[in-house]
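Asker: Got query-v5.pdb for you, PDB, C-alpha atoms, pLDDT in the B column:
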ATOM      1  CA  MET K 129      69.409 -10.421  13.047  1.00 96.00           C
ATOM      2  CA  LYS K 130      68.633 -11.426  16.604  1.00 97.00           C
ATOM      3  CA  TYR K 131      71.399 -11.982  19.141  1.00 98.00           C
ATOM      4  CA  MET K 132      71.247 -13.107  22.748  1.00 97.00           C
ATOM      5  CA  LEU K 133      73.515 -11.340  25.202  1.00 97.00           C
ATOM      6  CA  LEU K 134      74.152 -13.738  28.099  1.00 95.00           C
ATOM      7  CA  ILE K 135      75.300 -11.667  31.058  1.00 93.00           C
ATOM      8  CA  GLN K 136      77.834 -13.469  33.251  1.00 89.00           C
ATOM      9  CA  ALA K 137      78.764 -11.921  36.591  1.00 81.00           C
ATOM     10  CA  GLY K 138      82.241 -12.840  37.781  1.00 74.00           C
ATOM     11  CA  ALA K 139      81.912 -11.194  41.199  1.00 61.00           C
ATOM     12  CA  ILE K 140      78.747 -10.811  43.245  1.00 63.00           C
ATOM     13  CA  ASP K 141      78.111  -8.474  46.150  1.00 62.00           C
ATOM     14  CA  GLY K 142      76.328  -9.384  49.395  1.00 62.00           C
ATOM     15  CA  ASN K 143      72.927  -8.821  47.755  1.00 61.00           C
ATOM     16  CA  GLY K 144      73.616 -11.210  44.870  1.00 57.00           C
ATOM     17  CA  ALA K 145      74.128  -8.364  42.381  1.00 58.00           C
ATOM     18  CA  ALA K 146      77.067  -7.831  40.025  1.00 58.00           C
ATOM     19  CA  ALA K 147      79.749  -6.158  42.116  1.00 64.00           C
ATOM     20  CA  GLU K 148      81.176  -3.830  39.461  1.00 75.00           C
ATOM     21  CA  CYS K 149      78.036  -1.916  38.488  1.00 82.00           C
ATOM     22  CA  THR K 150      75.072  -0.193  40.067  1.00 87.00           C
ATOM     23  CA  VAL K 151      71.323  -0.428  39.608  1.00 87.00           C
ATOM     24  CA  GLU K 152      71.517   2.974  37.915  1.00 95.00           C
ATOM     25  CA  ASP K 153      74.028   1.555  35.392  1.00 94.00           C
ATOM     26  CA  TRP K 154      71.540  -1.187  34.508  1.00 92.00           C
ATOM     27  CA  MET K 155      68.614   1.209  34.270  1.00 95.00           C
ATOM     28  CA  SER K 156      70.587   3.453  31.934  1.00 97.00           C
ATOM     29  CA  TYR K 157      71.649   0.541  29.715  1.00 96.00           C
ATOM     30  CA  ASP K 158      68.116  -0.864  29.600  1.00 96.00           C
ATOM     31  CA  LYS K 159      66.762   2.549  28.581  1.00 97.00           C
ATOM     32  CA  ALA K 160      69.413   2.891  25.853  1.00 98.00           C
ATOM     33  CA  VAL K 161      68.581  -0.554  24.405  1.00 98.00           C
ATOM     34  CA  ARG K 162      64.858   0.209  24.379  1.00 97.00           C
ATOM     35  CA  ASP K 163      65.296   3.744  23.026  1.00 98.00           C
ATOM     36  CA  ALA K 164      67.451   2.388  20.177  1.00 98.00           C
ATOM     37  CA  GLY K 165      64.538   0.161  19.132  1.00 98.00           C
ATOM     38  CA  ILE K 166      66.598  -3.041  19.268  1.00 98.00           C
ATOM     39  CA  TYR K 167      65.049  -4.602  22.393  1.00 97.00           C
ATOM     40  CA  VAL K 168      63.306  -7.941  21.773  1.00 97.00           C
ATOM     41  CA  SER K 169      63.293  -9.385  25.297  1.00 96.00           C
ATOM     42  CA  GLY K 170      65.347  -9.594  28.437  1.00 96.00           C
ATOM     43  CA  GLU K 171      65.210 -10.659  32.038  1.00 93.00           C
ATOM     44  CA  SER K 172      67.271 -10.494  35.173  1.00 88.00           C
ATOM     45  CA  LEU K 173      67.453 -13.820  36.964  1.00 85.00           C
ATOM     46  CA  ALA K 174      66.594 -14.364  40.620  1.00 81.00           C
ATOM     47  CA  ASP K 175      69.281 -14.919  43.236  1.00 75.00           C
ATOM     48  CA  LEU K 176      71.602 -17.873  42.629  1.00 71.00           C
ATOM     49  CA  VAL K 177      70.410 -19.681  45.777  1.00 72.00           C
ATOM     50  CA  THR K 178      67.035 -20.200  44.063  1.00 79.00           C
ATOM     51  CA  ALA K 179      68.587 -22.246  41.223  1.00 81.00           C
ATOM     52  CA  THR K 180      67.865 -25.950  40.727  1.00 85.00           C
ATOM     53  CA  THR K 181      69.789 -28.202  38.349  1.00 83.00           C
ATOM     54  CA  VAL K 182      68.198 -31.173  36.551  1.00 88.00           C
ATOM     55  CA  ARG K 183      70.193 -33.930  34.875  1.00 88.00           C
ATOM     56  CA  VAL K 184      68.869 -37.022  33.123  1.00 95.00           C
ATOM     57  CA  GLY K 185      71.121 -40.079  33.041  1.00 94.00           C
ATOM     58  CA  PRO K 186      71.466 -42.598  30.217  1.00 94.00           C
ATOM     59  CA  ASP K 187      68.862 -44.751  31.964  1.00 96.00           C
ATOM     60  CA  GLY K 188      66.354 -41.886  31.832  1.00 95.00           C
ATOM     61  CA  GLU K 189      66.471 -41.326  35.602  1.00 96.00           C
ATOM     62  CA  ARG K 190      66.136 -37.706  36.658  1.00 95.00           C
ATOM     63  CA  SER K 191      68.540 -36.199  39.195  1.00 91.00           C
ATOM     64  CA  VAL K 192      67.643 -32.874  40.828  1.00 90.00           C
ATOM     65  CA  THR K 193      70.083 -30.833  42.924  1.00 85.00           C
ATOM     66  CA  ASP K 194      69.883 -27.431  44.528  1.00 80.00           C
ATOM     67  CA  GLY K 195      72.000 -24.757  42.910  1.00 71.00           C
ATOM     68  CA  PRO K 196      73.863 -24.439  39.611  1.00 63.00           C
ATOM     69  CA  PHE K 197      76.887 -26.449  38.538  1.00 59.00           C
ATOM     70  CA  ALA K 198      79.252 -26.613  41.516  1.00 55.00           C
ATOM     71  CA  GLU K 199      82.345 -25.997  39.402  1.00 59.00           C
ATOM     72  CA  THR K 200      81.116 -22.779  37.807  1.00 58.00           C
ATOM     73  CA  ARG K 201      82.807 -19.497  38.744  1.00 62.00           C
ATOM     74  CA  GLU K 202      80.637 -17.182  36.712  1.00 67.00           C
ATOM     75  CA  VAL K 203      76.978 -16.638  37.466  1.00 78.00           C
ATOM     76  CA  LEU K 204      74.402 -16.207  34.713  1.00 84.00           C
ATOM     77  CA  GLY K 205      72.697 -13.030  35.878  1.00 86.00           C
ATOM     78  CA  GLY K 206      70.337 -12.404  33.000  1.00 91.00           C
ATOM     79  CA  PHE K 207      70.023 -11.864  29.288  1.00 95.00           C
ATOM     80  CA  TYR K 208      68.915  -9.549  26.539  1.00 97.00           C
ATOM     81  CA  VAL K 209      67.742 -10.521  23.074  1.00 97.00           C
ATOM     82  CA  ILE K 210      68.408  -7.679  20.659  1.00 98.00           C
ATOM     83  CA  ASP K 211      67.652  -7.267  16.968  1.00 98.00           C
ATOM     84  CA  VAL K 212      70.549  -5.537  15.201  1.00 98.00           C
ATOM     85  CA  PRO K 213      71.930  -5.579  11.648  1.00 98.00           C
ATOM     86  CA  ASP K 214      75.009  -7.736  12.301  1.00 97.00           C
ATOM     87  CA  LEU K 215      77.461  -9.253  14.779  1.00 97.00           C
ATOM     88  CA  ASP K 216      79.538  -6.064  14.973  1.00 98.00           C
ATOM     89  CA  ALA K 217      76.508  -4.117  16.204  1.00 98.00           C
ATOM     90  CA  ALA K 218      75.716  -6.858  18.734  1.00 97.00           C
ATOM     91  CA  LEU K 219      79.303  -6.753  19.995  1.00 97.00           C
ATOM     92  CA  ASP K 220      79.093  -2.969  20.361  1.00 98.00           C
ATOM     93  CA  TRP K 221      75.956  -3.307  22.516  1.00 98.00           C
ATOM     94  CA  ALA K 222      77.574  -6.104  24.544  1.00 97.00           C
ATOM     95  CA  ALA K 223      80.577  -3.868  25.243  1.00 97.00           C
ATOM     96  CA  ARG K 224      78.245  -1.141  26.536  1.00 97.00           C
ATOM     97  CA  CYS K 225      76.530  -3.576  28.927  1.00 96.00           C
ATOM     98  CA  PRO K 226      77.381  -3.011  32.614  1.00 93.00           C
ATOM     99  CA  GLY K 227      77.754  -6.781  33.001  1.00 91.00           C
ATOM    100  CA  ALA K 228      80.834  -6.739  30.750  1.00 93.00           C
ATOM    101  CA  ARG K 229      82.826  -4.674  33.273  1.00 90.00           C
ATOM    102  CA  GLY K 230      85.558  -5.951  35.546  1.00 86.00           C
ATOM    103  CA  SER K 231      85.251  -9.669  36.239  1.00 85.00           C
ATOM    104  CA  GLY K 232      81.972  -9.927  34.301  1.00 89.00           C
ATOM    105  CA  ALA K 233      81.452 -10.950  30.692  1.00 93.00           C
ATOM    106  CA  VAL K 234      78.741 -10.853  28.064  1.00 95.00           C
ATOM    107  CA  VAL K 235      78.524 -13.851  25.758  1.00 96.00           C
ATOM    108  CA  VAL K 236      77.001 -12.966  22.368  1.00 97.00           C
ATOM    109  CA  ARG K 237      75.213 -15.697  20.425  1.00 97.00           C
ATOM    110  CA  PRO K 238      73.047 -15.482  17.339  1.00 97.00           C
ATOM    111  CA  VAL K 239      69.496 -16.717  17.800  1.00 96.00           C
ATOM    112  CA  ALA K 240      68.799 -19.626  15.453  1.00 95.00           C
ATOM    113  CA  ASP K 241      66.116 -18.905  12.881  1.00 89.00           C
ATOM    114  CA  PHE K 242      64.676 -22.243  11.805  1.00 90.00           C
ATOM    115  CA  GLY K 243      62.100 -20.531   9.617  1.00 85.00           C
ATOM    116  CA  ALA K 244      64.719 -19.063   7.282  1.00 66.00           C
TER     117      ALA K 244
END
Transcribe the structure of this file into structure tokens.
Answerer:
Amino acid sequence: MKYMLLIQAGAIDGNGAAAECTVEDWMSYDKAVRDAGIYVSGESLADLVTATTVRVGPDGERSVTDGPFAETREVLGGFYVIDVPDLDAALDWAARCPGARGSGAVVVRPVADFGA
């Protein structure tokens, strides 16, 4: 079953990276996911200052603002989609993710399969 791991950074360093882990931590985790044969897709997102938010009102009018939601404290830093047997396996991989350390979190969600 496919699961998306949404990587939320709670603290960001001066370079816009998760403060509680290193590039080497991410490289090691990425290698482990790929070597295990469970990697489907994944991306790291660009710096938060490049974000743009779009909202459409009830009248259909589009509103565009720079940045993410102003009230958010966590920053979506990236994601992995993995293919594992069950939720327990997905949770194990989420716990190994460097983004789950310290003030970070990894949200695990099953990917909907509309063809099933």
Asker: Residues within 12 Å of Asp216 in chain K, please, as an MDAnalysis selection string. Count only C-alpha atoms; anything in the same chain fewer than 4 positions from it doesn't count.
Answerer: chainID K and resid 129 131 212 220:223 236:238
Asker: How many Å separate CA of Asp241 in chain K from CA of Leu204 in chain K?
Answerer: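 Straight-line distance from CA of Asp241 in chain K to CA of Leu204 in chain K works out to 23.5 Å.
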Asker: Using CA of Gly232 in chain K and CA of Gly206 in chain K as the two end points, give the distance in Å to one decimal.
Answerer: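 Straight-line distance from CA of Gly232 in chain K to CA of Gly206 in chain K works out to 12.0 Å.
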Asker: Evaluating the PyMOL selection byres ((chain K and resi 194) around 8) on the displayed file yields which residues, as a PDB file with C-alpha atoms, in the frame of the given file?
Answerer:
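The result, written out as out-v1.pdb:
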ATOM      1  CA  VAL K 177      70.410 -19.681  45.777  1.00 72.00           C
ATOM      2  CA  THR K 178      67.035 -20.200  44.063  1.00 79.00           C
ATOM      3  CA  ALA K 179      68.587 -22.246  41.223  1.00 81.00           C
ATOM      4  CA  THR K 180      67.865 -25.950  40.727  1.00 85.00           C
ATOM      5  CA  THR K 181      69.789 -28.202  38.349  1.00 83.00           C
ATOM      6  CA  VAL K 192      67.643 -32.874  40.828  1.00 90.00           C
ATOM      7  CA  THR K 193      70.083 -30.833  42.924  1.00 85.00           C
ATOM      8  CA  GLY K 195      72.000 -24.757  42.910  1.00 71.00           C
ATOM      9  CA  PRO K 196      73.863 -24.439  39.611  1.00 63.00           C
TER      10      PRO K 196
END
Asker: Would you mind telling me which residue in K:Gly243, K:Gly170, K:Gly165, K:Pro226 lies nearest to Asp153 in chain K when using all atoms listed in the file?
Answerer: K:Pro226
Asker: Residues at most 12 Å from Cys149 in chain K, counting only C-alpha atoms, excluding those fewer than 4 positions away in the same chain, as number ranges by chain?
Answerer: K: 137-141, 145, 153-157, 224-232
Asker: By how many Å are CA of Pro213 in chain K and CA of Ser169 in chain K apart?
Answerer: 16.6 Å
Asker: Which one of K:Val184, K:Val203, K:Met132, K:Ile210 sits closest to Tyr167 in chain K if you count all atoms listed in the file?
Answerer: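 Checking each candidate against Tyr167 in chain K, we get K:Ile210 as the closest.
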